[in-house]
>>> print(open('my_file-v9.cif').read())   # mmCIF, C-alpha atoms
data_start
#
loop_
_atom_site.label_atom_id
_atom_site.label_comp_id
_atom_site.auth_asym_id
_atom_site.auth_seq_id
_atom_site.Cartn_x
_atom_site.Cartn_y
_atom_site.Cartn_z
CA MET C 1 396.89 143.10 162.40
CA THR C 2 398.45 144.26 159.18
CA THR C 3 399.09 143.25 155.57
CA LEU C 4 402.33 141.53 154.63
CA LEU C 5 404.20 141.91 151.34
CA ILE C 6 406.32 138.88 150.42
CA SER C 7 408.86 138.90 147.59
CA HIS C 8 412.42 137.86 146.77
CA PRO C 9 415.12 139.16 144.41
CA ALA C 10 415.71 135.63 143.08
CA CYS C 11 412.44 136.03 141.21
CA LEU C 12 414.18 138.60 138.99
CA ALA C 13 416.61 135.93 137.77
CA HIS C 14 413.91 133.97 135.95
CA ASP C 15 414.15 135.21 132.36
CA MET C 16 412.34 133.72 129.36
CA GLY C 17 414.14 135.80 126.77
CA GLU C 18 414.09 139.20 125.12
CA GLY C 19 410.61 140.44 124.26
CA HIS C 20 408.78 137.90 126.45
CA PRO C 21 405.84 139.56 128.25
CA GLU C 22 406.42 137.65 131.52
CA ARG C 23 409.65 139.46 132.27
CA PRO C 24 411.63 140.57 135.32
CA ASP C 25 410.57 144.19 134.75
CA ARG C 26 407.10 143.20 136.01
CA LEU C 27 408.46 142.85 139.54
CA ARG C 28 410.62 145.94 139.21
CA ALA C 29 407.52 147.97 138.32
CA ILE C 30 405.68 146.56 141.33
CA ASP C 31 408.64 147.28 143.61
CA ARG C 32 408.64 150.90 142.50
CA ALA C 33 404.93 151.19 143.27
CA PHE C 34 405.58 150.01 146.82
CA GLU C 35 408.07 152.83 147.36
CA SER C 36 405.11 155.19 147.68
CA GLU C 37 404.37 156.76 151.06
CA THR C 38 401.03 154.90 150.99
CA PHE C 39 402.91 151.69 151.76
CA GLN C 40 405.19 152.89 154.55
CA THR C 41 403.26 150.80 157.09
CA LEU C 42 403.21 147.69 154.89
CA ALA C 43 405.02 144.80 156.58
CA ARG C 44 407.59 143.14 154.32
CA ASP C 45 409.43 139.83 154.30
CA SER C 46 411.39 137.57 151.97
CA ALA C 47 409.92 134.52 150.30
CA PRO C 48 411.66 131.35 151.50
CA ARG C 49 412.30 128.38 149.25
CA ALA C 50 409.34 126.04 149.33
CA GLU C 51 409.90 122.68 150.91
CA ILE C 52 409.74 120.02 148.20
CA SER C 53 407.22 118.19 150.41
CA ALA C 54 404.91 121.23 150.23
CA ILE C 55 405.03 121.30 146.42
CA ALA C 56 404.55 117.51 146.38
CA ARG C 57 401.13 117.89 147.99
CA VAL C 58 400.11 119.15 144.54
CA HIS C 59 402.67 117.97 141.98
CA PRO C 60 404.21 114.45 141.73
CA LEU C 61 407.81 114.20 142.89
CA ASP C 62 409.02 112.99 139.50
CA TYR C 63 407.49 116.10 137.92
CA ILE C 64 409.26 118.38 140.40
CA GLU C 65 412.56 116.61 139.71
CA ALA C 66 411.98 116.85 135.95
CA ILE C 67 411.58 120.64 136.26
CA ARG C 68 414.76 120.81 138.32
CA ALA C 69 416.62 118.67 135.77
CA ALA C 70 415.42 120.84 132.87
CA THR C 71 417.06 123.95 134.34
CA PRO C 72 419.82 125.01 131.95
CA LYS C 73 423.35 125.90 133.06
CA GLN C 74 423.21 128.77 130.56
CA GLY C 75 420.85 130.09 127.91
CA LEU C 76 417.23 129.00 127.69
CA THR C 77 415.41 125.68 127.64
CA ALA C 78 412.05 125.77 125.84
CA ILE C 79 409.24 124.00 127.74
CA ASP C 80 406.47 124.90 125.30
CA GLN C 81 405.95 127.61 122.71
CA ASP C 82 405.29 130.22 125.43
CA THR C 83 407.34 128.97 128.38
CA SER C 84 411.10 128.67 128.84
CA MET C 85 413.58 128.11 131.66
CA SER C 86 416.74 130.09 132.37
CA PRO C 87 419.42 129.22 134.97
CA GLY C 88 417.47 131.16 137.62
CA THR C 89 414.03 129.68 136.91
CA PHE C 90 413.95 126.76 139.34
CA GLU C 91 415.10 128.92 142.25
CA ALA C 92 412.50 131.55 141.34
CA ALA C 93 409.79 128.88 141.15
CA LEU C 94 410.78 127.57 144.59
CA ARG C 95 410.58 131.11 145.99
CA SER C 96 407.16 131.68 144.38
CA ALA C 97 405.72 128.52 145.90
CA GLY C 98 407.55 129.20 149.16
CA GLY C 99 406.22 132.74 149.30
CA ALA C 100 402.70 131.33 148.98
CA THR C 101 403.15 128.80 151.80
CA PHE C 102 404.86 131.42 154.02
CA ALA C 103 401.91 133.75 153.43
CA VAL C 104 399.58 130.99 154.63
CA ASP C 105 401.77 130.48 157.71
CA GLU C 106 401.62 134.16 158.62
CA VAL C 107 397.88 134.49 158.00
CA MET C 108 396.81 131.25 159.67
CA THR C 109 398.87 131.98 162.79
CA ARG C 110 397.28 135.45 162.98
CA LYS C 111 400.60 137.29 162.68
CA VAL C 112 399.01 139.28 159.85
CA ARG C 113 395.48 139.58 158.54
CA SER C 114 396.36 139.33 154.85
CA ALA C 115 399.38 138.83 152.60
CA PHE C 116 400.30 139.63 149.01
CA VAL C 117 402.96 137.48 147.35
CA ALA C 118 404.78 139.50 144.67
CA THR C 119 406.79 136.75 143.02
CA ARG C 120 407.20 135.14 139.63
CA PRO C 121 406.85 132.80 137.79
CA PRO C 122 403.06 132.74 138.18
CA GLY C 123 401.25 129.47 138.75
CA HIS C 124 397.60 129.06 137.79
CA HIS C 125 398.19 127.36 134.42
CA ALA C 126 400.46 124.66 135.90
CA GLU C 127 398.55 121.36 135.97
CA LEU C 128 399.41 118.31 138.06
CA ALA C 129 402.33 117.30 135.86
CA THR C 130 402.34 119.83 133.02
CA PRO C 131 404.07 123.22 133.00
CA MET C 132 402.43 125.70 130.63
CA GLY C 133 401.39 129.30 130.14
CA PHE C 134 404.50 130.77 131.86
CA CYS C 135 403.83 128.53 134.92
CA PHE C 136 405.78 125.67 136.53
CA PHE C 137 404.34 125.09 140.03
CA ASN C 138 400.78 126.06 140.92
CA ASN C 139 401.41 128.51 143.75
CA ALA C 140 397.76 129.00 144.73
CA ALA C 141 397.21 125.24 144.83
CA VAL C 142 400.35 124.69 146.91
CA ALA C 143 399.11 127.38 149.32
CA ALA C 144 395.66 125.77 149.59
CA ARG C 145 397.03 122.30 150.29
CA HIS C 146 399.49 123.76 152.82
CA GLY C 147 396.64 125.46 154.66
CA ARG C 148 394.70 122.23 154.85
CA ALA C 149 397.62 119.97 155.77
CA ILE C 150 399.40 122.15 158.32
CA TYR C 151 396.59 124.25 159.82
CA GLY C 152 393.56 122.03 159.40
CA ALA C 153 391.68 124.47 157.18
CA GLU C 154 388.65 122.39 156.26
CA ARG C 155 387.61 124.49 153.26
CA VAL C 156 389.71 126.77 151.09
CA ALA C 157 388.30 129.04 148.37
CA ILE C 158 390.51 130.17 145.48
CA VAL C 159 389.18 133.16 143.53
CA ASP C 160 390.92 133.99 140.24
CA PHE C 161 390.34 137.24 138.32
CA ASP C 162 393.20 136.87 135.82
CA VAL C 163 392.12 137.44 132.18
CA HIS C 164 393.13 133.82 131.46
CA HIS C 165 391.31 130.87 133.01
CA GLY C 166 393.33 128.99 135.63
CA ASN C 167 393.09 125.61 133.94
CA GLY C 168 395.77 124.20 136.22
CA THR C 169 394.01 125.13 139.44
CA GLN C 170 390.71 123.79 138.12
CA HIS C 171 392.40 120.56 137.02
CA ILE C 172 394.12 120.02 140.37
CA PHE C 173 390.96 120.52 142.45
CA TRP C 174 388.39 119.10 140.03
CA ASP C 175 387.44 116.24 142.38
CA ASP C 176 388.35 117.86 145.73
CA PRO C 177 385.21 118.81 147.68
CA ASN C 178 387.22 120.84 150.20
CA VAL C 179 388.68 123.37 147.75
CA MET C 180 386.49 125.72 145.73
CA TYR C 181 387.84 127.33 142.56
CA ALA C 182 386.00 130.36 141.16
CA SER C 183 387.13 132.34 138.13
CA THR C 184 386.25 135.29 135.94
CA HIS C 185 388.17 135.31 132.67
CA GLU C 186 387.87 136.14 128.99
CA MET C 187 386.38 133.50 126.67
CA PRO C 188 387.21 132.40 124.09
CA HIS C 189 390.83 132.96 125.02
CA TYR C 190 393.90 131.02 126.12
CA PRO C 191 393.90 128.29 127.40
CA GLY C 192 390.41 127.46 126.11
CA THR C 193 388.96 126.14 129.36
CA GLY C 194 386.57 127.77 131.82
CA SER C 195 383.05 127.39 130.45
CA VAL C 196 380.08 127.66 132.80
CA SER C 197 379.43 123.93 132.34
CA GLU C 198 382.79 123.02 133.96
CA ARG C 199 381.62 122.59 137.56
CA GLY C 200 383.84 119.93 139.15
CA GLU C 201 382.91 116.58 140.64
CA HIS C 202 381.29 118.25 143.65
CA ASP C 203 379.87 121.40 142.04
CA GLN C 204 382.68 123.37 143.68
CA ILE C 205 384.10 124.85 140.45
CA VAL C 206 382.47 128.15 139.45
CA ASN C 207 383.31 129.73 136.11
CA ALA C 208 381.94 133.13 135.10
CA PRO C 209 383.39 133.79 131.63
CA LEU C 210 383.44 137.28 130.15
CA ARG C 211 383.59 138.34 126.50
CA ALA C 212 386.19 140.46 124.73
CA GLY C 213 385.37 144.12 125.28
CA ASP C 214 383.58 143.60 128.60
CA ALA C 215 384.34 146.28 131.20
CA GLY C 216 384.04 146.74 134.93
CA ASP C 217 380.24 146.75 135.09
CA THR C 218 380.04 143.28 133.53
CA PHE C 219 382.90 142.01 135.67
CA ARG C 220 381.25 143.27 138.85
CA GLU C 221 377.92 141.73 137.87
CA ALA C 222 379.61 138.37 137.22
CA MET C 223 381.28 138.54 140.61
CA GLU C 224 378.10 139.56 142.44
CA VAL C 225 375.79 137.09 140.73
CA ALA C 226 377.94 134.02 140.07
CA ILE C 227 380.96 134.05 142.36
CA LEU C 228 380.66 136.02 145.61
CA PRO C 229 377.48 134.30 146.86
CA ARG C 230 379.00 130.89 146.15
CA VAL C 231 382.20 131.75 147.99
CA ASP C 232 380.15 133.01 150.94
CA ASP C 233 378.01 129.87 150.99
CA PHE C 234 381.14 127.69 150.86
CA ALA C 235 382.16 129.29 154.18
CA PRO C 236 385.91 128.97 153.64
CA ASP C 237 388.48 128.88 156.42
CA LEU C 238 390.93 130.66 154.10
CA ILE C 239 390.52 132.66 150.89
CA ILE C 240 393.31 132.64 148.31
CA ILE C 241 393.25 135.14 145.44
CA SER C 242 394.92 134.32 142.14
CA ALA C 243 395.57 137.99 141.47
CA GLY C 244 396.13 138.46 137.77
CA PHE C 245 395.89 142.02 136.47
CA ASP C 246 395.90 141.31 132.73
CA ALA C 247 392.15 141.98 132.50
CA HIS C 248 393.17 145.66 132.63
CA ARG C 249 392.10 147.63 129.57
CA ARG C 250 395.71 148.42 128.63
CA ASP C 251 397.09 144.90 128.92
CA PRO C 252 398.52 143.47 125.67
CA LEU C 253 397.53 139.85 126.41
CA GLY C 254 393.82 140.37 127.04
CA ASN C 255 390.78 142.08 125.59
CA LEU C 256 388.86 143.09 128.70
CA ASN C 257 388.49 146.67 129.89
CA LEU C 258 388.92 146.59 133.65
CA VAL C 259 390.61 149.44 135.52
CA GLU C 260 392.36 149.68 138.87
CA ALA C 261 389.13 150.47 140.73
CA ASP C 262 387.60 147.18 139.59
CA PHE C 263 390.40 145.15 141.16
CA ALA C 264 390.14 147.17 144.37
CA TRP C 265 386.36 146.61 144.44
CA ALA C 266 386.73 142.85 144.00
CA THR C 267 389.36 142.78 146.74
CA ARG C 268 387.07 144.59 149.18
CA LYS C 269 384.16 142.27 148.37
CA LEU C 270 386.32 139.22 149.09
CA MET C 271 387.53 140.88 152.28
CA GLU C 272 383.92 141.25 153.42
CA ILE C 273 383.38 137.51 152.96
CA ALA C 274 386.68 136.73 154.67
CA GLU C 275 385.64 138.88 157.62
CA ARG C 276 382.37 136.96 157.97
CA ARG C 277 383.74 133.48 157.37
CA CYS C 278 387.43 133.22 158.28
CA ALA C 279 388.53 136.09 160.54
CA GLY C 280 389.66 138.10 157.53
CA ARG C 281 392.29 135.58 156.39
CA ILE C 282 393.29 136.28 152.77
CA VAL C 283 396.40 135.25 150.85
CA SER C 284 396.86 136.85 147.43
CA VAL C 285 399.40 135.53 144.91
CA LEU C 286 400.47 137.39 141.79
CA GLU C 287 399.50 135.82 138.48
CA GLY C 288 399.43 137.83 135.21
CA GLY C 289 399.60 141.49 134.23
CA TYR C 290 401.89 142.58 131.41
CA HIS C 291 401.48 146.32 130.86
CA LEU C 292 404.01 147.55 133.39
CA ASP C 293 402.38 150.82 134.43
CA SER C 294 398.89 149.30 134.62
CA LEU C 295 400.23 146.31 136.53
CA ALA C 296 401.94 148.54 139.08
CA ARG C 297 398.86 150.72 139.53
CA SER C 298 396.53 147.72 139.79
CA VAL C 299 398.71 145.96 142.35
CA ALA C 300 398.87 149.20 144.35
CA ALA C 301 395.07 149.45 144.32
CA HIS C 302 394.72 145.78 145.31
CA VAL C 303 397.17 145.99 148.21
CA THR C 304 395.79 149.34 149.37
CA ALA C 305 392.40 147.64 149.67
CA LEU C 306 393.94 144.74 151.61
CA MET C 307 395.57 147.21 154.00
CA GLU C 308 392.17 148.69 154.82
CA GLY C 309 391.15 145.47 156.54
#
>>> encode(input="my_file-v9.cif", output="structure tokens")
Amino acid sequence: MTTLLISHPACLAHDMGEGHPERPDRLRAIDRAFESETFQTLARDSAPRAEISAIARVHPLDYIEAIRAATPKQGLTAIDQDTSMSPGTFEAALRSAGGATFAVDEVMTRKVRSAFVATRPPGHHAELATPMGFCFFNNAAVAARHGRAIYGAERVAIVDFDVHHGNGTQHIFWDDPNVMYASTHEMPHYPGTGSVSERGEHDQIVNAPLRAGDAGDTFREAMEVAILPRVDDFAPDLIIISAGFDAHRRDPLGNLNLVEADFAWATRKLMEIAERRCAGRIVSVLEGGYHLDSLARSVAAHVTALMEG
């Protein structure tokens, strides 16, 4: 049983313009990190295109078609003040969602113990029918619904440690008792959601907001007090990580002070729960992280931890 890395070169063709922080160089930096001898035994595969039916378990068909129709033949199409589409965006978004569902396939059929999906665009800000925050399709949500629909996973836990709250994931699962969403994130900060009082219709939403300047000790306390016990008690059949690395102290889009060791620690803690509850099954999907060197180092620490399982 090994860890699988899933990516696709089409994800480099999504480009939101010069100077945009969510840029193709993010994946190039990650790819270079995986050239290290540490990752020689890492299994690797290509992200397929997601089936439209898989995305439609989360997003309405007319929304999916509207995103397809908005894809420009050339240049950029602005979706909101932060989010644009280039000619390669829709294909990249299909590969990102498809990488997430393929990861679930490989993990649920026990071909691998865990998988990391190194694709872009990210997903956790995408709501049911609203693209925002660099996101078009909610990859973690698509993965969760795929696990339930295809493999009968009764309960899925999504744990998000991106510096930004995953408003889209929370919105999608707000009234779903079978999917838990738990998040640490900076507040107040974009997108403005994620207070402790936001708990979902079935008390299955867990928010543990952090303040600007907080470092690893506060993050670890929030995880140990607010999130990890709740994930354990939920007894998930699959754990999905929304793995954003923009809480790193060097990231330009956040004000937290985490370092690589904090992400590795959180990964190992979630692996311990996965081992107890769901035969170690973890799917991790890339979200944010915009300082290239810190992103590469943090991803390397995260995947190294997954490979220890």
>>> closest_residue(input="my_file-v9.cif", among="C:His124, C:Arg110, C:Arg276, C:His291", to="Arg26 of chain C", atoms="only C-alpha atoms")
C:His291
>>> resolve_selection(input="my_file-v9.cif", expression="the PyMOL selection byres ((chain C and resi 1-16) around 6)", output="CSV table (one decimal) with C-alpha atoms, in the frame of the given file")
chain,number,residue,atom,x,y,z
C,17,GLY,CA,414.1,135.8,126.8
C,24,PRO,CA,411.6,140.6,135.3
C,43,ALA,CA,405.0,144.8,156.6
C,44,ARG,CA,407.6,143.1,154.3
C,45,ASP,CA,409.4,139.8,154.3
C,46,SER,CA,411.4,137.6,152.0
C,47,ALA,CA,409.9,134.5,150.3
C,84,SER,CA,411.1,128.7,128.8
C,86,SER,CA,416.7,130.1,132.4
C,88,GLY,CA,417.5,131.2,137.6
C,89,THR,CA,414.0,129.7,136.9
C,92,ALA,CA,412.5,131.6,141.3
C,112,VAL,CA,399.0,139.3,159.8
C,113,ARG,CA,395.5,139.6,158.5
C,114,SER,CA,396.4,139.3,154.8
C,115,ALA,CA,399.4,138.8,152.6
C,116,PHE,CA,400.3,139.6,149.0
C,117,VAL,CA,403.0,137.5,147.4
C,118,ALA,CA,404.8,139.5,144.7
C,119,THR,CA,406.8,136.8,143.0
C,120,ARG,CA,407.2,135.1,139.6
C,307,MET,CA,395.6,147.2,154.0
>>> closest_atom_pairs(input="my_file-v9.cif", of="segment 113-164 of chain C", to="segment 48-59 of chain C", cutoff="8 Å", atoms="all atoms listed in the file", output="Markdown table")
| residue | atom | partner | partner_atom | distance |
| --- | --- | --- | --- | --- |
| C:Leu128 | CA | C:His59 | CA | 5.1 |
| C:Ala129 | CA | C:His59 | CA | 6.2 |
| C:Phe137 | CA | C:Ile55 | CA | 7.5 |
| C:Asn138 | CA | C:Val58 | CA | 7.8 |
| C:Ala141 | CA | C:Val58 | CA | 6.8 |
| C:Val142 | CA | C:Ile55 | CA | 5.8 |
| C:Arg145 | CA | C:Arg57 | CA | 6.4 |
| C:His146 | CA | C:Ala54 | CA | 6.5 |
>>> closest_residue(input="my_file-v9.cif", among="C:His202, C:Lys73, C:His164, C:His125", to="Ala247 of chain C", atoms="all atoms listed in the file")
C:His164
>>> closest_residue(input="my_file-v9.cif", among="C:Ala126, C:Lys111, C:Val104, C:Pro87", to="Tyr63 of chain C", atoms="all atoms listed in the file")
C:Ala126
>>> residues_around(input="my_file-v9.cif", residues="segment 263-266 of chain C", least_positions_apart="6", cutoff="7 Å", atoms="all atoms listed in the file", output="VMD selection string")
chain C and resid 298 301 to 302 305
>>> write_last_selection(input="my_file-v9.cif", atoms="C-alpha atoms", output="mmCIF file, in the frame of the given file")
data_model
loop_
_atom_site.group_PDB
_atom_site.id
_atom_site.type_symbol
_atom_site.label_atom_id
_atom_site.label_comp_id
_atom_site.auth_asym_id
_atom_site.auth_seq_id
_atom_site.Cartn_x
_atom_site.Cartn_y
_atom_site.Cartn_z
ATOM 1 C CA SER C 298 396.530 147.720 139.790
ATOM 2 C CA ALA C 301 395.070 149.450 144.320
ATOM 3 C CA HIS C 302 394.720 145.780 145.310
ATOM 4 C CA ALA C 305 392.400 147.640 149.670
#
>>> residues_around(input="my_file-v9.cif", residues="Arg277 of chain C", least_positions_apart="5", cutoff="8 Å", atoms="all atoms listed in the file", output="list in words")
Asp232, Ala235, Pro236 and Asp237 of chain C
>>> write_last_selection(input="my_file-v9.cif", atoms="C-alpha atoms", output="PDB file, in the coordinates of the input")
ATOM      1  CA  ASP C 232     380.150 133.010 150.940  1.00  0.00           C
ATOM      2  CA  ALA C 235     382.160 129.290 154.180  1.00  0.00           C
ATOM      3  CA  PRO C 236     385.910 128.970 153.640  1.00  0.00           C
ATOM      4  CA  ASP C 237     388.480 128.880 156.420  1.00  0.00           C
TER       5      ASP C 237
END
>>> atom_distance(input="my_file-v9.cif", atom1="atom CA of Arg199 of chain C", atom2="atom CA of Glu224 of chain C")
18.0 Å
>>> resolve_selection(input="my_file-v9.cif", expression="the PyMOL selection byres ((chain C and resi 30) around 9)", output="PyMOL selection string")
chain C and resi 25-29+31-34+118+292-293+295-297+299-300
>>> resolve_selection(input="my_file-v9.cif", expression="the PyMOL selection byres ((chain C and resi 184) around 7)", output="VMD selection string")
chain C and resid 160 to 161 183 185 207 to 210
>>> axis_aligned_box(input="my_file-v9.cif", around="segment 256-269 of chain C", padding_each_side="8 Å", output="lines of an AutoDock Vina configuration file")
center_x = 388.3
center_y = 146.4
center_z = 138.9
size_x = 24.2
size_y = 24.2
size_z = 36.5
>>> residues_near_point(input="my_file-v9.cif", point="(389.0, 133.6, 153.4)", cutoff="12 Å", atoms="all atoms listed in the file", output="NGL selection string")
:C and (104 or 107-108 or 113-115 or 144 or 147 or 153-159 or 179-180 or 228 or 231-241 or 267-284)
>>> write_last_selection(input="my_file-v9.cif", atoms="C-alpha atoms", output="mmCIF file, keeping the file's coordinate frame")
data_model
loop_
_atom_site.group_PDB
_atom_site.id
_atom_site.type_symbol
_atom_site.label_atom_id
_atom_site.label_comp_id
_atom_site.auth_asym_id
_atom_site.auth_seq_id
_atom_site.Cartn_x
_atom_site.Cartn_y
_atom_site.Cartn_z
ATOM 1 C CA VAL C 104 399.580 130.990 154.630
ATOM 2 C CA VAL C 107 397.880 134.490 158.000
ATOM 3 C CA MET C 108 396.810 131.250 159.670
ATOM 4 C CA ARG C 113 395.480 139.580 158.540
ATOM 5 C CA SER C 114 396.360 139.330 154.850
ATOM 6 C CA ALA C 115 399.380 138.830 152.600
ATOM 7 C CA ALA C 144 395.660 125.770 149.590
ATOM 8 C CA GLY C 147 396.640 125.460 154.660
ATOM 9 C CA ALA C 153 391.680 124.470 157.180
ATOM 10 C CA GLU C 154 388.650 122.390 156.260
ATOM 11 C CA ARG C 155 387.610 124.490 153.260
ATOM 12 C CA VAL C 156 389.710 126.770 151.090
ATOM 13 C CA ALA C 157 388.300 129.040 148.370
ATOM 14 C CA ILE C 158 390.510 130.170 145.480
ATOM 15 C CA VAL C 159 389.180 133.160 143.530
ATOM 16 C CA VAL C 179 388.680 123.370 147.750
ATOM 17 C CA MET C 180 386.490 125.720 145.730
ATOM 18 C CA LEU C 228 380.660 136.020 145.610
ATOM 19 C CA VAL C 231 382.200 131.750 147.990
ATOM 20 C CA ASP C 232 380.150 133.010 150.940
ATOM 21 C CA ASP C 233 378.010 129.870 150.990
ATOM 22 C CA PHE C 234 381.140 127.690 150.860
ATOM 23 C CA ALA C 235 382.160 129.290 154.180
ATOM 24 C CA PRO C 236 385.910 128.970 153.640
ATOM 25 C CA ASP C 237 388.480 128.880 156.420
ATOM 26 C CA LEU C 238 390.930 130.660 154.100
ATOM 27 C CA ILE C 239 390.520 132.660 150.890
ATOM 28 C CA ILE C 240 393.310 132.640 148.310
ATOM 29 C CA ILE C 241 393.250 135.140 145.440
ATOM 30 C CA THR C 267 389.360 142.780 146.740
ATOM 31 C CA ARG C 268 387.070 144.590 149.180
ATOM 32 C CA LYS C 269 384.160 142.270 148.370
ATOM 33 C CA LEU C 270 386.320 139.220 149.090
ATOM 34 C CA MET C 271 387.530 140.880 152.280
ATOM 35 C CA GLU C 272 383.920 141.250 153.420
ATOM 36 C CA ILE C 273 383.380 137.510 152.960
ATOM 37 C CA ALA C 274 386.680 136.730 154.670
ATOM 38 C CA GLU C 275 385.640 138.880 157.620
ATOM 39 C CA ARG C 276 382.370 136.960 157.970
ATOM 40 C CA ARG C 277 383.740 133.480 157.370
ATOM 41 C CA CYS C 278 387.430 133.220 158.280
ATOM 42 C CA ALA C 279 388.530 136.090 160.540
ATOM 43 C CA GLY C 280 389.660 138.100 157.530
ATOM 44 C CA ARG C 281 392.290 135.580 156.390
ATOM 45 C CA ILE C 282 393.290 136.280 152.770
ATOM 46 C CA VAL C 283 396.400 135.250 150.850
ATOM 47 C CA SER C 284 396.860 136.850 147.430
#
>>> atom_distance(input="my_file-v9.cif", atom1="atom CA of His248 of chain C", atom2="atom CA of Ser294 of chain C")
7.1 Å
>>> atom_distance(input="my_file-v9.cif", atom1="atom CA of Ile227 of chain C", atom2="atom CA of Ile172 of chain C")
19.3 Å
>>> closest_residue(input="my_file-v9.cif", among="C:Asp262, C:Ser36, C:Ile150, C:Asn139", to="Glu221 of chain C", atoms="only C-alpha atoms")
C:Asp262
>>> closest_residue(input="my_file-v9.cif", among="C:Asp162, C:Asp80, C:Asp251, C:Asp62", to="Val285 of chain C", atoms="only C-alpha atoms")
C:Asp162
>>> closest_residue(input="my_file-v9.cif", among="C:Ile205, C:Ile67, C:Ala243, C:Leu258", to="Glu186 of chain C", atoms="all atoms listed in the file")
C:Leu258
